[in-house]
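What follows is a set of notes on a single structure, which appears directly below.
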There are 2 protein chains.
Amino acid sequence: MNQEQYSHRKSAARLQILNADGTPAARTSVSIDQISHRFLFGCGAFDAVDLMKTQDAGERAFLQDRMEKWLALFNYGTLPFYWGRYEPVEGQTAYPETFAAAKWLREKGAAVKGHPLCWHTSCAPWLLQFSNEEIMRRQIERIHRDVTAFKSVISLWDVINEVVIMPVFDRYDNAVTRICIEKGRVGLVKEVFAAAKESDPEAVLLINDFNTSEAYAQLIEDLLEAGVPIGAIGIQSHQHQGYWGLEKLNTVLERFSRFSLPIHFTENTLISGEIMPAHIVDLNDWQVDSWPSTPEGEDRQAREIAEMYTVLFAHPLVEAITTWDFTDGCWLKAPSGFLREDNSEKPSYHALKKLIHGDWETHVTLSTDDEGYLSFTGFKGDYRLQAAMGSAEFSLNSDRSERISLA
Amino acid sequence: MNQEQYSHRKSAARLQILNADGTPAARTSVSIDQISHRFLFGCGAFDAVDLMKTQDAGERAFLQDRMEKWLALFNYGTLPFYWGRYEPVEGQTAYPETFAAAKWLREKGAAVKGHPLCWHTSCAPWLLQFSNEEIMRRQIERIHRDVTAFKSVISLWDVINEVVIMPVFDRYDNAVTRICIEKGRVGLVKEVFAAAKESDPEAVLLINDFNTSEAYAQLIEDLLEAGVPIGAIGIQSHQHQGYWGLEKLNTVLERFSRFSLPIHFTENTLISGEIMPAHIVDLNDWQVDSWPSTPEGEDRQAREIAEMYTVLFAHPLVEAITTWDFTDGCWLKAPSGFLREDNSEKPSYHALKKLIHGDWETHVTLSTDDEGYLSFTGFKGDYRLQAAMGSAEFSLNSDRSERISLA
């Protein structure tokens with residue numbers, strides 16, 4: 001592949017470098033280093049909440065080590081807002097540790113997404129005592145409350161999750177399926193998005209689904225026609241039953257490109273062990289005692305991750321890729337992480353690091369001309385310029401022509 | 001009273017004021033304003049924890065308003081570490097909201113004390129399943145854990161509470177009385193102080209008691225002989241049964257002055273309603289449906305608070321006074337606060353504010369001499385100097401002679 005496939009990820013800069021006294025810095029060597037990405041390279045960051053919560057010294061040190069490895073790779077984290085977990089008893093929320101985790105991630109330079117504000121699974125059981133009208137009122141109130149409380153630290157939300165199946169979900173009774181049946185898919189999505197928009201007009205609001213078929217595309221079409229302010233289309237890609245491969249990946253990308261909206265791969269999983277049998281329909285039905293990572297599996301996972309991220313990074317509409325589990329042994333006990341359960345790094349960790357902080361990051365040293373000018377094209381993000389007389393930072397998110405003073 | 005009684009609270013400064021270029025600022029008017037006290041004017045700050053925890057918009061606004069009034073008066077807060085409340089289920093601590101509260105208070109300029117690390121009351125019930133040896137091991141571990149975790153934000157600890165009664169406390173079985181009986185008072189105090197000291201050698205470690213008789217003084221004597229590193233003697237003064245008056249106050253001060261250790265009034269209560277009958281021995285036995293604040297009671301409370309704080313501030317060994325309840329209706333539902341339950345200010349709030357931020361705070365405007373010198377004596381604390389050409393801050397905690405550049 002050549003680098004041309006990434007032209008949409010880059011911008012050109014023409015900079016006139018000035019000395020502290022305002023004169024052009026002629027024939028000066030300047031090192032130009034990208035220090036952050038505009039693209040959102042994400043991962044589940046639930047461990048950050050546990051880190052904020054625990055006082056056990058051993059667990060703290062372990063989670064600290066884990067999150068340092070996380071931060072060395074990613075600039076975007078997903079935090080849990082499952083209603084039943086976030087507010088197990090009415091009025092008693094996991095606000096302190098969740099807010100602390102979001103603030104901590106932001107201070108470390110990562111953007112944060114809250115997941116999800118409305119979902120039939122992991123819903124609060126205490127809602128079941130109420131009438132549909134009352135459930136709906138509380139659902140809206142919950143969105144107002146949490147989006148407002150986290151406005152300073154969370155700028156992206158999975159507003160509603162897995163709507164395609166929502167009204168026909170019948171594994172157990174739950175408050176959200178009840179209101180989805182009554183309001184209809186479009187009716188419910190419209191109201192929950194409106195509530196989120198009202199509380200934070202600047203936030204990127206996502207719809208998110210594991211169903212990547214025409215049914216989801218049709219739903220999105222209906223929602224857009226109804227005026228729902230979808231900021232990005234969320235695509236889940238839990239591949240416990242084997243890598244999609246290029247053909248399915250391209251089919252899905254093509255299917256959801258027709259809306260010209262940003263596409264976020266929100267929940268990606270590629271495993272480094274045995275593949276789950278194809279006959280399983282709901283992945284949650286695959287309950288195993290242990291699901292080991294194998295050396296061959298780890299090599300395969302690293303190859304598949306590199307290929308999949310490369311295809312997605314090359315696609316002009318994709319703005320974010322989030323791998324779901326940072327470590328093995330989380331959801332379904334799968335060997336789905338970049339790290340093993342003991343925090344040791346798998347080949348996939350290094351393969352992705354080589355892309356994000358190697359191939360896709362710009363680092364050059366250039367000399368200015370007689371008038372202090374230099375030009376370069378680099379991946380979008382923030383940069384540090386350094387020369388003998390000083391340094392400066394700047395953001396490259398579109399073509400720029402600027403004067404920059406190094407002091 | 002004359003101001004001489006406060007000479008131990010003050011220091012003298014001789015300052016040479018310089019311009020930004022280093023030349024003396026001759027014949028220049030400089031305003032000198034004390035911006036903080038060295039003396040610890042404290043109050044219970046449990047509401048700060050609730051503020052960090054709640055997501056209810058109404059409750060947030062109410063607690064925010066309350067804590068703003070708190071911060072306008074005090075520079076020192078007590079936060080709760082009752083084991084049974086802090087860790088209701090083994091391993092599940094109130095760390096996130098408590099740490100957030102301590103950090104928040106520190107950022108607002110207040111020092112923080114944790115209360116208490118060891119106490120027979122409000123002890124964790126799940127400790128009762130263990131042997132005495134195991135209880136002791138966990139008590140020490142708990143101290144290491146919490147003192148370490150809060151080291152960056154908490155610099156004072158009530159290490160152990162109410163030791164005089166501890167081994168004979170028989171209202172209900174509890175883990176701490178069990179180990180106190182086995183180890184003896186001195187044995188237990190020695191071990192818990194050693195654990196706290198080990199985790200934070202810089203922290204001020206208090207022993208604290210409601211018993212202000214010779215029994216407590218004798219215990220302290222025994223502890224000091226045994227080498228316990230008591231940093232300050234904590235005196236409780238819950239006066240639900242009526243103001244001590246000058247005689248008892250002076251007797252107590254005299255009794256505990258013989259150790260030449262700093263004295264902290266740690267839990268002061270003066271109520272603005274009817275007085276609790278004298279026949280009640282354990283204040284907790286007085287359970288009422290309501291305990292109203294009355295206009296006459298509020299005037300009396302304001303007078304008593306002003307008198308008591310004045311005596312304590314004048315005493316050379318007293319370094320801190322903490323009123324227990326900031327608002328009415330907390331412990332025993334008593335009208336014990338500076339604010340009523342609706343956050344409205346009682347006369348006592350204004351009476352104490354007039355002392356702390358009026359009579360006991362230094363604000364002067366002076367002119368420098370031909371060489372830029374000025375001299376003044378002021379209450380210990382931090383100051384801001386302001387002149388036409390600029391400003392600077394400095395700390396006045398002992399007599400100083402300095403050059404200060406205003407820029």
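Residue numbers start at 1 in each chain; chains themselves are named A, B, ... in the order of the structure tokens; ligands are numbered from 1 in the order shown.
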
Could I get the residues of chain B with an atom no further than 12 Å from an atom of chain A, each paired with its nearest atom pair and that distance in Å to one decimal, using only C-alpha atoms, sorted by chain and residue number, as a Markdown table?
| residue | atom | partner | partner_atom | distance |
| --- | --- | --- | --- | --- |
| B:Val49 | CA | A:Pro96 | CA | 9.7 |
| B:Asp50 | CA | A:Pro96 | CA | 10.1 |
| B:Leu51 | CA | A:Pro96 | CA | 9.9 |
| B:Met52 | CA | A:Pro96 | CA | 6.4 |
| B:Lys53 | CA | A:Pro96 | CA | 5.6 |
| B:Thr54 | CA | A:Tyr95 | CA | 7.5 |
| B:Gln55 | CA | A:Arg145 | CA | 6.9 |
| B:Asp56 | CA | A:Arg145 | CA | 7.5 |
| B:Ala57 | CA | A:Arg145 | CA | 7.7 |
| B:Gly58 | CA | A:Arg145 | CA | 11.1 |
| B:Glu59 | CA | A:Gly91 | CA | 11.5 |
| B:Arg60 | CA | A:Ala149 | CA | 10.5 |
| B:Tyr86 | CA | A:Gln55 | CA | 11.7 |
| B:Glu87 | CA | A:Gln55 | CA | 10.8 |
| B:Glu90 | CA | A:Asp56 | CA | 11.3 |
| B:Gly91 | CA | A:Asp56 | CA | 7.9 |
| B:Gln92 | CA | A:Thr54 | CA | 7.8 |
| B:Thr93 | CA | A:Gln55 | CA | 7.6 |
| B:Ala94 | CA | A:Lys53 | CA | 8.2 |
| B:Tyr95 | CA | A:Lys53 | CA | 6.4 |
| B:Pro96 | CA | A:Glu97 | CA | 5.3 |
| B:Glu97 | CA | A:Pro96 | CA | 5.3 |
| B:Thr98 | CA | A:Pro96 | CA | 9.0 |
| B:Phe99 | CA | A:Pro96 | CA | 9.4 |
| B:Ala100 | CA | A:Pro96 | CA | 7.6 |
| B:Ala101 | CA | A:Pro96 | CA | 9.9 |
| B:Lys103 | CA | A:Ala100 | CA | 11.5 |
| B:Glu141 | CA | A:Asp56 | CA | 10.3 |
| B:Arg142 | CA | A:Gln55 | CA | 9.8 |
| B:Ile143 | CA | A:Gln55 | CA | 11.6 |
| B:His144 | CA | A:Ala57 | CA | 10.0 |
| B:Arg145 | CA | A:Gln55 | CA | 6.8 |
| B:Asp146 | CA | A:Gln55 | CA | 7.7 |
| B:Val147 | CA | A:Gln55 | CA | 10.8 |
| B:Thr148 | CA | A:Gln55 | CA | 9.4 |
| B:Ala149 | CA | A:Gln55 | CA | 7.0 |
| B:Phe150 | CA | A:Gln55 | CA | 10.1 |

task = Please provide as a PyMOL selection string all residues within 12 Å of Asp282 in chain A, with the sequence filter that same-chain residues fewer than 2 positions apart are discarded (counting only C-alpha atoms).
result = chain A and resi 165+169+171+210-211+238+240-241+276-280+284-287+332

query = What separation in Å, quoted to one decimal, exists between CA of Gly297 in chain A and CA of Gly273 in chain A?
reply = 4.8 Å

Where in range 5-72 of chain B does DSSP assign strand (DSSP E or B), given as a compact mmCIF listing (two decimals) with C-alpha atoms, in the first residue's frame?
# COMPACT_ATOMS: atom_id res chain seq x y z
CA LYS B 10 1.37 37.62 65.56
CA SER B 11 4.72 38.22 63.90
CA ALA B 12 6.62 41.31 62.90
CA ALA B 13 7.74 41.99 59.35
CA ARG B 14 10.33 44.46 58.11
CA LEU B 15 10.15 44.50 54.34
CA GLN B 16 12.11 46.33 51.71
CA ILE B 17 9.81 46.76 48.75
CA LEU B 18 11.52 46.65 45.36
CA PRO B 24 13.87 50.21 46.16
CA SER B 29 1.80 53.25 49.28
CA VAL B 30 1.38 49.50 49.80
CA SER B 31 -1.79 47.77 50.91
CA ILE B 32 -1.16 44.71 53.04
CA ASP B 33 -3.97 42.18 53.27
CA GLN B 34 -4.03 38.94 55.18
CA ILE B 35 -5.52 36.28 52.90
CA SER B 36 -5.34 33.25 55.18
CA HIS B 37 -4.85 32.26 58.81
CA LEU B 40 -6.93 26.38 62.12
CA PHE B 41 -10.53 27.58 62.21
CA GLY B 42 -12.32 24.34 61.58
CA CYS B 43 -15.71 22.78 61.15
CA GLY B 44 -17.20 19.43 60.20

inquiry  = List the spatial neighbours of Glu393 in chain B as a PyMOL selection string - criterion: any atom at most 7 Å away, only C-alpha atoms, same-chain residues fewer than 4 positions off excluded.
reply    = chain B and resi 383-385

request  = Could you give me, as a count of residues only, the residues within 6 Å of range 112-123 of chain B, counting only C-alpha atoms and dropping anything in the same chain fewer than 6 positions from it?
outcome  = 18

key: Residues near range 325-331 of chain A, cut-off 10 Å, only C-alpha atoms, skip fewer than 2 positions along chain, as JSON, numbers by chain   = {"A": [42, 43, 44, 45, 46, 47, 66, 67, 69, 70, 267, 268, 269, 270, 271, 272, 283, 284, 290, 291, 292, 293, 322, 323, 333, 334, 335, 336, 337, 338, 339, 340, 341, 342, 343, 344, 345, 346, 349]}

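Put simply, CA of Asn250 in chain B is 20.0 Å away from CA of Arg300 in chain B.
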
Enumerate as a tab-separated table (two decimals) with N, CA and C atoms, in the first residue's frame all residues of range 90-258 of chain A assigned to helix (DSSP H, G or I) by DSSP on the backbone, naming them with the chain letters and numbers the document uses.
chain	number	residue	atom	x	y	z
A	95	TYR	N	-21.37	7.89	40.48
A	95	TYR	CA	-20.85	9.18	40.02
A	95	TYR	C	-19.42	9.48	40.47
A	96	PRO	N	-19.10	9.35	41.78
A	96	PRO	CA	-17.76	9.78	42.21
A	96	PRO	C	-16.63	9.09	41.46
A	97	GLU	N	-16.66	7.75	41.38
A	97	GLU	CA	-15.55	7.05	40.74
A	97	GLU	C	-15.59	7.21	39.22
A	98	THR	N	-16.79	7.31	38.64
A	98	THR	CA	-16.89	7.47	37.19
A	98	THR	C	-16.41	8.86	36.77
A	99	PHE	N	-16.80	9.86	37.53
A	99	PHE	CA	-16.34	11.22	37.22
A	99	PHE	C	-14.82	11.32	37.39
A	100	ALA	N	-14.31	10.75	38.47
A	100	ALA	CA	-12.87	10.78	38.70
A	100	ALA	C	-12.13	10.10	37.55
A	101	ALA	N	-12.68	8.99	37.05
A	101	ALA	CA	-12.03	8.28	35.95
A	101	ALA	C	-12.04	9.11	34.67
A	102	ALA	N	-13.17	9.75	34.38
A	102	ALA	CA	-13.27	10.56	33.17
A	102	ALA	C	-12.31	11.75	33.24
A	103	LYS	N	-12.25	12.37	34.41
A	103	LYS	CA	-11.36	13.53	34.60
A	103	LYS	C	-9.90	13.09	34.44
A	104	TRP	N	-9.59	11.96	35.02
A	104	TRP	CA	-8.22	11.44	34.96
A	104	TRP	C	-7.83	11.15	33.51
A	105	LEU	N	-8.71	10.53	32.75
A	105	LEU	CA	-8.42	10.25	31.34
A	105	LEU	C	-8.23	11.54	30.56
A	106	ARG	N	-9.08	12.52	30.83
A	106	ARG	CA	-8.95	13.81	30.12
A	106	ARG	C	-7.62	14.47	30.45
A	107	GLU	N	-7.23	14.42	31.71
A	107	GLU	CA	-5.96	15.03	32.11
A	107	GLU	C	-4.78	14.33	31.44
A	125	PRO	N	-33.19	-2.75	37.39
A	125	PRO	CA	-34.37	-3.57	37.69
A	125	PRO	C	-35.46	-2.81	38.45
A	126	TRP	N	-35.06	-1.81	39.24
A	126	TRP	CA	-36.06	-1.08	40.05
A	126	TRP	C	-36.99	-0.23	39.18
A	127	LEU	N	-36.69	-0.10	37.88
A	127	LEU	CA	-37.59	0.64	37.00
A	127	LEU	C	-38.87	-0.14	36.71
A	128	LEU	N	-38.80	-1.48	36.88
A	128	LEU	CA	-39.91	-2.35	36.48
A	128	LEU	C	-41.19	-2.09	37.26
A	129	GLN	N	-41.06	-1.45	38.43
A	129	GLN	CA	-42.26	-1.18	39.24
A	129	GLN	C	-43.12	-0.05	38.66
A	132	ASN	N	-45.25	2.70	32.12
A	132	ASN	CA	-44.43	3.08	30.96
A	132	ASN	C	-44.19	4.58	30.91
A	133	GLU	N	-45.19	5.33	31.25
A	133	GLU	CA	-45.07	6.78	31.22
A	133	GLU	C	-43.99	7.24	32.20
A	134	GLU	N	-44.02	6.63	33.38
A	134	GLU	CA	-43.06	6.97	34.42
A	134	GLU	C	-41.65	6.49	34.04
A	135	ILE	N	-41.55	5.31	33.43
A	135	ILE	CA	-40.23	4.82	32.98
A	135	ILE	C	-39.65	5.82	31.98
A	136	MET	N	-40.47	6.25	31.05
A	136	MET	CA	-40.00	7.18	30.01
A	136	MET	C	-39.54	8.50	30.64
A	137	ARG	N	-40.33	8.98	31.60
A	137	ARG	CA	-39.97	10.24	32.26
A	137	ARG	C	-38.61	10.10	32.95
A	138	ARG	N	-38.40	8.96	33.61
A	138	ARG	CA	-37.14	8.74	34.31
A	138	ARG	C	-35.99	8.51	33.34
A	139	GLN	N	-36.27	7.88	32.20
A	139	GLN	CA	-35.22	7.67	31.20
A	139	GLN	C	-34.71	9.03	30.70
A	140	ILE	N	-35.62	9.92	30.43
A	140	ILE	CA	-35.25	11.25	29.93
A	140	ILE	C	-34.49	12.02	31.02
A	141	GLU	N	-35.01	11.93	32.25
A	141	GLU	CA	-34.40	12.61	33.38
A	141	GLU	C	-32.98	12.09	33.61
A	142	ARG	N	-32.81	10.79	33.46
A	142	ARG	CA	-31.49	10.17	33.65
A	142	ARG	C	-30.50	10.71	32.61
A	143	ILE	N	-30.95	10.87	31.40
A	143	ILE	CA	-30.09	11.40	30.34
A	143	ILE	C	-29.71	12.84	30.66
A	144	HIS	N	-30.70	13.65	31.02
A	144	HIS	CA	-30.40	15.05	31.39
A	144	HIS	C	-29.38	15.08	32.53
A	145	ARG	N	-29.64	14.28	33.55
A	145	ARG	CA	-28.78	14.29	34.73
A	145	ARG	C	-27.34	13.94	34.39
A	146	ASP	N	-27.14	12.82	33.69
A	146	ASP	CA	-25.78	12.33	33.49
A	146	ASP	C	-25.02	13.13	32.43
A	147	VAL	N	-25.70	13.52	31.35
A	147	VAL	CA	-25.01	14.30	30.32
A	147	VAL	C	-24.59	15.65	30.90
A	148	THR	N	-25.46	16.24	31.72
A	148	THR	CA	-25.13	17.52	32.35
A	148	THR	C	-23.97	17.37	33.33
A	149	ALA	N	-24.04	16.34	34.15
A	149	ALA	CA	-23.02	16.17	35.20
A	149	ALA	C	-21.63	15.90	34.61
A	166	MET	N	-34.28	-4.09	19.86
A	166	MET	CA	-34.87	-3.64	21.14
A	166	MET	C	-36.34	-4.02	21.37
A	167	PRO	N	-37.25	-3.75	20.43
A	167	PRO	CA	-38.66	-4.03	20.75
A	167	PRO	C	-39.00	-5.52	20.71
A	168	VAL	N	-38.16	-6.34	20.08
A	168	VAL	CA	-38.46	-7.78	20.00
A	168	VAL	C	-37.57	-8.58	20.95
A	175	ALA	N	-37.39	-2.64	31.43
A	175	ALA	CA	-38.13	-1.38	31.31
A	175	ALA	C	-37.98	-0.74	29.93
A	176	VAL	N	-36.80	-0.88	29.33
A	176	VAL	CA	-36.55	-0.17	28.07
A	176	VAL	C	-37.25	-0.84	26.89
A	177	THR	N	-37.28	-2.18	26.88
A	177	THR	CA	-38.04	-2.84	25.81
A	177	THR	C	-39.51	-2.44	25.89
A	178	ARG	N	-40.03	-2.36	27.13
A	178	ARG	CA	-41.43	-1.94	27.31
A	178	ARG	C	-41.72	-0.59	26.64
A	179	ILE	N	-40.85	0.40	26.90
A	179	ILE	CA	-41.15	1.73	26.31
A	179	ILE	C	-40.86	1.74	24.81
A	180	CYS	N	-39.93	0.88	24.37
A	180	CYS	CA	-39.62	0.82	22.93
A	180	CYS	C	-40.80	0.24	22.17
A	181	ILE	N	-41.45	-0.76	22.78
A	181	ILE	CA	-42.64	-1.35	22.14
A	181	ILE	C	-43.72	-0.27	22.04
A	182	GLU	N	-43.89	0.48	23.11
A	182	GLU	CA	-44.98	1.46	23.12
A	182	GLU	C	-44.72	2.64	22.17
A	183	LYS	N	-43.47	3.15	22.19
A	183	LYS	CA	-43.16	4.35	21.39
A	183	LYS	C	-42.76	4.01	19.96
A	185	ARG	N	-39.48	2.17	17.62
A	185	ARG	CA	-38.04	2.45	17.59
A	185	ARG	C	-37.76	3.93	17.34
A	186	VAL	N	-38.35	4.45	16.26
A	186	VAL	CA	-38.05	5.84	15.88
A	186	VAL	C	-38.52	6.81	16.98
A	187	GLY	N	-39.69	6.54	17.53
A	187	GLY	CA	-40.23	7.41	18.58
A	187	GLY	C	-39.31	7.48	19.79
A	188	LEU	N	-38.83	6.32	20.22
A	188	LEU	CA	-37.95	6.29	21.40
A	188	LEU	C	-36.60	6.95	21.10
A	189	VAL	N	-35.99	6.57	19.97
A	189	VAL	CA	-34.67	7.13	19.64
A	189	VAL	C	-34.75	8.66	19.54
A	190	LYS	N	-35.82	9.14	18.94
A	190	LYS	CA	-35.99	10.58	18.77
A	190	LYS	C	-36.00	11.28	20.13
A	191	GLU	N	-36.71	10.72	21.08
A	191	GLU	CA	-36.81	11.38	22.40
A	191	GLU	C	-35.50	11.33	23.18
A	192	VAL	N	-34.83	10.19	23.13
A	192	VAL	CA	-33.59	10.12	23.93
A	192	VAL	C	-32.48	10.97	23.31
A	193	PHE	N	-32.43	11.03	21.99
A	193	PHE	CA	-31.45	11.92	21.36
A	193	PHE	C	-31.76	13.38	21.67
A	194	ALA	N	-33.04	13.74	21.65
A	194	ALA	CA	-33.42	15.13	21.93
A	194	ALA	C	-32.98	15.51	23.34
A	195	ALA	N	-33.15	14.58	24.29
A	195	ALA	CA	-32.76	14.87	25.68
A	195	ALA	C	-31.26	15.08	25.78
A	196	ALA	N	-30.48	14.22	25.12
A	196	ALA	CA	-29.02	14.35	25.17
A	196	ALA	C	-28.57	15.65	24.52
A	197	LYS	N	-29.18	15.96	23.37
A	197	LYS	CA	-28.83	17.19	22.64
A	197	LYS	C	-29.11	18.42	23.48
A	198	GLU	N	-30.24	18.38	24.18
A	198	GLU	CA	-30.64	19.51	25.01
A	198	GLU	C	-29.61	19.75	26.12
A	199	SER	N	-29.10	18.67	26.70
A	199	SER	CA	-28.17	18.83	27.81
A	199	SER	C	-26.77	19.17	27.36
A	214	GLU	N	-28.85	-4.58	6.58
A	214	GLU	CA	-29.71	-3.55	5.97
A	214	GLU	C	-30.77	-3.07	6.98
A	215	ALA	N	-31.11	-3.94	7.94
A	215	ALA	CA	-32.13	-3.54	8.93
A	215	ALA	C	-31.66	-2.31	9.70
A	216	TYR	N	-30.35	-2.29	10.06
A	216	TYR	CA	-29.79	-1.14	10.80
A	216	TYR	C	-29.72	0.07	9.87
A	217	ALA	N	-29.29	-0.16	8.64
A	217	ALA	CA	-29.19	0.96	7.69
A	217	ALA	C	-30.57	1.57	7.46
A	218	GLN	N	-31.58	0.71	7.37
A	218	GLN	CA	-32.95	1.19	7.15
A	218	GLN	C	-33.42	2.00	8.35
A	219	LEU	N	-33.10	1.51	9.54
A	219	LEU	CA	-33.47	2.24	10.76
A	219	LEU	C	-32.83	3.63	10.76
A	220	ILE	N	-31.53	3.68	10.44
A	220	ILE	CA	-30.83	4.98	10.41
A	220	ILE	C	-31.50	5.92	9.41
A	221	GLU	N	-31.88	5.37	8.27
A	221	GLU	CA	-32.55	6.18	7.26
A	221	GLU	C	-33.84	6.78	7.83
A	222	ASP	N	-34.61	5.94	8.51
A	222	ASP	CA	-35.87	6.41	9.13
A	222	ASP	C	-35.60	7.48	10.17
A	223	LEU	N	-34.55	7.27	10.96
A	223	LEU	CA	-34.23	8.22	12.03
A	223	LEU	C	-33.81	9.56	11.46
A	224	LEU	N	-32.98	9.53	10.40
A	224	LEU	CA	-32.53	10.78	9.80
A	224	LEU	C	-33.71	11.53	9.19
A	225	GLU	N	-34.60	10.77	8.60
A	225	GLU	CA	-35.80	11.41	8.03
A	225	GLU	C	-36.64	12.05	9.13
A	245	GLY	N	-13.06	-10.47	7.83
A	245	GLY	CA	-12.35	-10.49	6.54
A	245	GLY	C	-12.68	-9.25	5.73
A	246	LEU	N	-11.89	-9.04	4.71
A	246	LEU	CA	-12.00	-7.80	3.93
A	246	LEU	C	-13.36	-7.66	3.25
A	247	GLU	N	-13.90	-8.80	2.82
A	247	GLU	CA	-15.14	-8.70	2.04
A	247	GLU	C	-16.29	-8.16	2.90
A	248	LYS	N	-16.48	-8.76	4.06
A	248	LYS	CA	-17.58	-8.28	4.92
A	248	LYS	C	-17.30	-6.86	5.41
A	249	LEU	N	-16.04	-6.61	5.76
A	249	LEU	CA	-15.67	-5.27	6.24
A	249	LEU	C	-16.03	-4.21	5.20
A	250	ASN	N	-15.67	-4.49	3.95
A	250	ASN	CA	-15.97	-3.52	2.89
A	250	ASN	C	-17.46	-3.41	2.62
A	251	THR	N	-18.18	-4.52	2.73
A	251	THR	CA	-19.63	-4.48	2.55
A	251	THR	C	-20.27	-3.58	3.60
A	252	VAL	N	-19.85	-3.77	4.86
A	252	VAL	CA	-20.41	-2.97	5.96
A	252	VAL	C	-20.07	-1.49	5.76
A	253	LEU	N	-18.81	-1.21	5.44
A	253	LEU	CA	-18.39	0.19	5.23
A	253	LEU	C	-19.21	0.84	4.12
A	254	GLU	N	-19.42	0.08	3.06
A	254	GLU	CA	-20.17	0.62	1.92
A	254	GLU	C	-21.62	0.88	2.32
A	255	ARG	N	-22.18	-0.08	3.07
A	255	ARG	CA	-23.59	0.04	3.48
A	255	ARG	C	-23.83	1.31	4.29
A	256	PHE	N	-22.91	1.63	5.20
A	256	PHE	CA	-23.16	2.76	6.10
A	256	PHE	C	-22.53	4.07	5.61
A	257	SER	N	-21.83	3.97	4.47
A	257	SER	CA	-21.25	5.20	3.89
A	257	SER	C	-22.30	6.04	3.20

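Using only C-alpha atoms, the shortest contact distance between Arg27 in chain A and any of A:Leu366, A:Leu63, A:Ile305, A:Leu317 is found at A:Leu366.
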
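Of the listed residues B:Ser348, B:Ser375, B:Ser398, B:Thr23, the one whose atoms come nearest to Asp299 in chain B is B:Ser348, with distances taken using only C-alpha atoms.
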